[in-house]
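One structure is given here, and the rest of the page talks about it.
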Amino acid sequence: MIHELRVYTLWPGKVPEFLKLAGERAMKIRGNDYGKCLGYWSSEIGVINQIFHLWEYEDLNARAALRAKLGENKTWRSEYVRHVHPLVRHQAVRLLHPQRPFKAPDGKGNVYEYRNYRLHTGKAAEWLGHFEGILPTREKYSPNVCCWLTESPEPNEVSHLWVYPDLNARAKTRAAVAADPAWGEFLPKSGPLMREMNSTILIPAPFSPVQ
């Protein structure tokens, strides 16, 4: 199983137009015939004017074959791609190995936090081992949606996705986690392995499979 996280940075003010095209055209044209869509979001806090969408494939070969097939779809190119190209300033792709099953949360109106950490060379497996150990404690406060090890383009990177009812709940959760003694024991083990931490708050698109 491989996940692909596509991150599009748009020109300022173009997020509503992009999401309209994605919802009314892209998702209807491709559906889940060219990879399964797990989630579709826009950034709220972090780097703004960004679109995040997450896709699942059987493996890297299946991804390559389905992406090629999608590129040959004339309706895709004429009705969607040519209209969104002028809106996009930059595209980035992460190929991710899920370290646990993707767990779609219940309910609607949630906010999501995508955290990606760049580790010192060769330290990803060690960090993931510590993370797996603390995860039962961490999930007492809020559920983890998924955790990944990056295949490309950033080696030595891990990332994880969290869900909260709202931003106030996130703030309360993080304060409670910080006060947990078990979390306090985890931090000295994990912190020295990291060289960079990033976080983005994401809002689900109306057509996203997870809300």
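For the structure tokens, the naming scheme is as follows: chains receive sequential letters (A, B, ...) according to their order of presentation, residues are indexed from 1 within each chain, and ligands are indexed from 1 in presentation order.
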
Each residue of segment 36-66 of chain A lying at most 12 Å from segment 139-156 of chain A should get a row with its shortest atom-to-atom pair and the distance in Å to one decimal, counting only C-alpha atoms; could you produce that, ordered by chain and increasing number, as a tab-separated table?
residue	atom	partner	partner_atom	distance
A:Leu38	CA	A:Val145	CA	10.7
A:Gly39	CA	A:Val145	CA	10.8
A:Leu54	CA	A:Cys146	CA	11.3
A:Asp59	CA	A:Glu151	CA	11.9
A:Leu60	CA	A:Glu151	CA	10.3

Q: Skip Leu10 of chain A itself and residues of its chain fewer than 5 positions away, then list as a list in words all residues within 6 Å of it, counting only C-alpha atoms.
A: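 Residues near the query, excluding close chain neighbours: Asn49, Gln50, Leu87, Val88 and Arg89 of chain A.
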
Write out, as a JSON list (two decimals), in the first residue's frame, the residues just selected, with C-alpha atoms.
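So out-v9.json came out as:
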[["chain", "number", "residue", "atom", "x", "y", "z"],
["A", 49, "ASN", "CA", -3.44, 29.15, -0.29],
["A", 50, "GLN", "CA", -2.60, 25.45, -0.32],
["A", 87, "LEU", "CA", -4.49, 28.82, -10.61],
["A", 88, "VAL", "CA", -1.51, 26.76, -9.45],
["A", 89, "ARG", "CA", 1.81, 28.38, -8.52]]

Q | Pick from A:Val163, A:Ala62, A:Ile29, A:Ala176 nearest to Ser78 of chain A, counting only C-alpha atoms | A |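 The shortest atom-to-atom distance to Ser78 of chain A comes from A:Ile29.
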
**Q.** Within 12 Å of segment 164-173 of chain A using only C-alpha atoms, minus same-chain residues under 4 positions, as a list in words
**A.**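 The residues that qualify are Glu44, Ile45, Pro105, Asp106, Gly107, Lys108, Gly109, Asn110, Val111, Tyr112, Glu113, Tyr114, Arg138, Glu139, Lys140, Tyr141, Ser142, Pro143, Asn144, Val145, Val177, Ala178, Ala179, Asp180, Ile201, Leu202, Ile203, Pro204 and Gln211 of chain A.
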
Could you write those residues out with C-alpha atoms, as an mmCIF file, in the first residue's frame?
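Dumped everything to again_16.cif:
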data_model
loop_
_atom_site.group_PDB
_atom_site.id
_atom_site.type_symbol
_atom_site.label_atom_id
_atom_site.label_comp_id
_atom_site.auth_asym_id
_atom_site.auth_seq_id
_atom_site.Cartn_x
_atom_site.Cartn_y
_atom_site.Cartn_z
ATOM 1 C CA GLU A 44 -6.108 27.302 7.196
ATOM 2 C CA ILE A 45 -2.989 27.866 9.328
ATOM 3 C CA PRO A 105 -13.045 9.846 11.707
ATOM 4 C CA ASP A 106 -16.760 10.071 12.334
ATOM 5 C CA GLY A 107 -18.831 13.199 12.055
ATOM 6 C CA LYS A 108 -18.517 16.480 10.200
ATOM 7 C CA GLY A 109 -17.132 19.913 10.916
ATOM 8 C CA ASN A 110 -13.722 18.637 12.003
ATOM 9 C CA VAL A 111 -10.360 20.307 11.578
ATOM 10 C CA TYR A 112 -7.193 18.363 10.809
ATOM 11 C CA GLU A 113 -3.554 18.893 11.653
ATOM 12 C CA TYR A 114 -0.845 17.529 9.363
ATOM 13 C CA ARG A 138 -1.417 10.225 22.892
ATOM 14 C CA GLU A 139 -4.663 8.769 21.536
ATOM 15 C CA LYS A 140 -6.311 9.063 24.945
ATOM 16 C CA TYR A 141 -6.627 12.750 24.072
ATOM 17 C CA SER A 142 -7.433 12.736 20.334
ATOM 18 C CA PRO A 143 -7.432 10.135 17.545
ATOM 19 C CA ASN A 144 -4.615 9.678 15.091
ATOM 20 C CA VAL A 145 -5.845 9.389 11.494
ATOM 21 C CA VAL A 177 -0.896 16.002 26.329
ATOM 22 C CA ALA A 178 1.964 18.291 27.365
ATOM 23 C CA ALA A 179 1.004 17.768 31.019
ATOM 24 C CA ASP A 180 0.947 13.962 30.767
ATOM 25 C CA ILE A 201 -4.117 23.118 9.976
ATOM 26 C CA LEU A 202 -6.441 21.770 7.289
ATOM 27 C CA ILE A 203 -10.137 22.287 6.585
ATOM 28 C CA PRO A 204 -11.968 19.545 4.637
ATOM 29 C CA GLN A 211 -15.139 15.583 7.116
#

Q: Would you list the contacts of Glu157 of chain A as a list of chain:residue names, taking every protein, DNA or RNA residue within 6 Å and counting only C-alpha atoms, but skipping same-chain residues closer than 5 positions in sequence?
A: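 The neighbour list is A:Tyr117, A:Arg118, A:Leu119, A:Thr150.
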
Q: May I have the residues within 10 Å of Phe18 of chain A as a list in words, using only C-alpha atoms and disregarding those fewer than 2 positions away in the same chain?
A: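 Non-adjacent residues within range: Leu10, Gly13, Lys14, Val15, Pro16, Lys20, Leu21, Ala22, Gly23, Ile51, Tyr80, His83, Val84, His85, Pro86, Leu87 and Val88 of chain A.
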
Q: List every residue of segment 61-206 of chain A that DSSP, applied to the backbone of this structure, places in helix (DSSP H, G or I), and write the result as a PyMOL selection string.
A: chain A and resi 61-71+74-87+124-138+167-179+181-193

Q: Name the residues in contact with Ala64 of chain A at a cut-off of 12 Å, using only C-alpha atoms, excluding same-chain residues fewer than 4 positions from it; report them as JSON, numbers by chain.
A: {"A": [2, 4, 34, 35, 57, 58, 59, 60, 68, 69, 70, 71, 95]}

Write out as a compact mmCIF listing (two decimals) with C-alpha atoms, in the first residue's frame all residues of segment 31-176 of chain A that backbone DSSP assigns to strand (DSSP E or B).
# COMPACT_ATOMS: atom_id res chain seq x y z
CA ASP A 33 -11.04 4.87 -10.82
CA GLY A 35 -6.63 5.79 -7.15
CA LYS A 36 -8.80 6.07 -4.05
CA CYS A 37 -9.24 9.54 -2.58
CA LEU A 38 -8.83 9.46 1.21
CA GLY A 39 -9.14 13.17 1.91
CA TYR A 40 -9.19 16.64 0.34
CA TRP A 41 -8.41 19.81 2.30
CA SER A 42 -7.37 23.46 2.10
CA SER A 43 -4.84 24.98 4.48
CA GLU A 44 -6.11 27.30 7.20
CA ILE A 45 -2.99 27.87 9.33
CA GLN A 50 -2.60 25.45 -0.32
CA ILE A 51 -4.63 22.40 -1.31
CA PHE A 52 -3.83 18.98 0.17
CA HIS A 53 -5.28 15.80 -1.31
CA LEU A 54 -4.42 12.25 -0.29
CA TRP A 55 -4.69 9.20 -2.57
CA GLU A 56 -4.24 5.49 -1.98
CA TYR A 57 -2.76 2.96 -4.43
CA VAL A 88 -1.51 26.76 -9.45
CA ARG A 89 1.81 28.38 -8.52
CA HIS A 90 3.59 25.25 -7.30
CA GLN A 91 2.97 21.51 -7.01
CA ALA A 92 4.60 19.04 -4.63
CA VAL A 93 4.11 15.31 -4.15
CA ARG A 94 4.95 13.10 -1.18
CA LEU A 95 4.93 9.33 -1.58
CA LEU A 96 4.15 7.89 1.83
CA HIS A 97 4.30 4.46 3.44
CA PRO A 98 1.46 4.23 6.01
CA VAL A 111 -10.36 20.31 11.58
CA TYR A 112 -7.19 18.36 10.81
CA GLU A 113 -3.55 18.89 11.65
CA TYR A 114 -0.85 17.53 9.36
CA ARG A 115 2.55 17.41 11.07
CA ASN A 116 5.71 16.48 9.19
CA TYR A 117 9.07 16.05 10.88
CA ARG A 118 12.45 15.84 9.15
CA LEU A 119 14.82 13.68 11.13
CA ASN A 144 -4.61 9.68 15.09
CA VAL A 145 -5.84 9.39 11.49
CA CYS A 146 -2.61 8.00 10.06
CA CYS A 147 1.17 8.03 10.42
CA TRP A 148 3.63 7.74 7.51
CA LEU A 149 7.24 7.26 6.57
CA THR A 150 8.14 9.28 3.48
CA GLU A 151 9.43 7.42 0.44
CA SER A 152 10.06 10.54 -1.67
CA GLU A 157 10.84 12.24 7.12
CA VAL A 158 7.83 11.09 9.11
CA SER A 159 4.39 12.67 9.16
CA HIS A 160 1.11 12.20 10.99
CA LEU A 161 -2.46 13.44 10.70
CA TRP A 162 -4.72 14.31 13.63
CA VAL A 163 -8.39 15.27 13.83
CA TYR A 164 -10.17 17.62 16.25

Q: To one decimal in Å, tell me the separation between atom CA of Phe186 of chain A and atom CA of Ile134 of chain A.
A: 6.8 Å
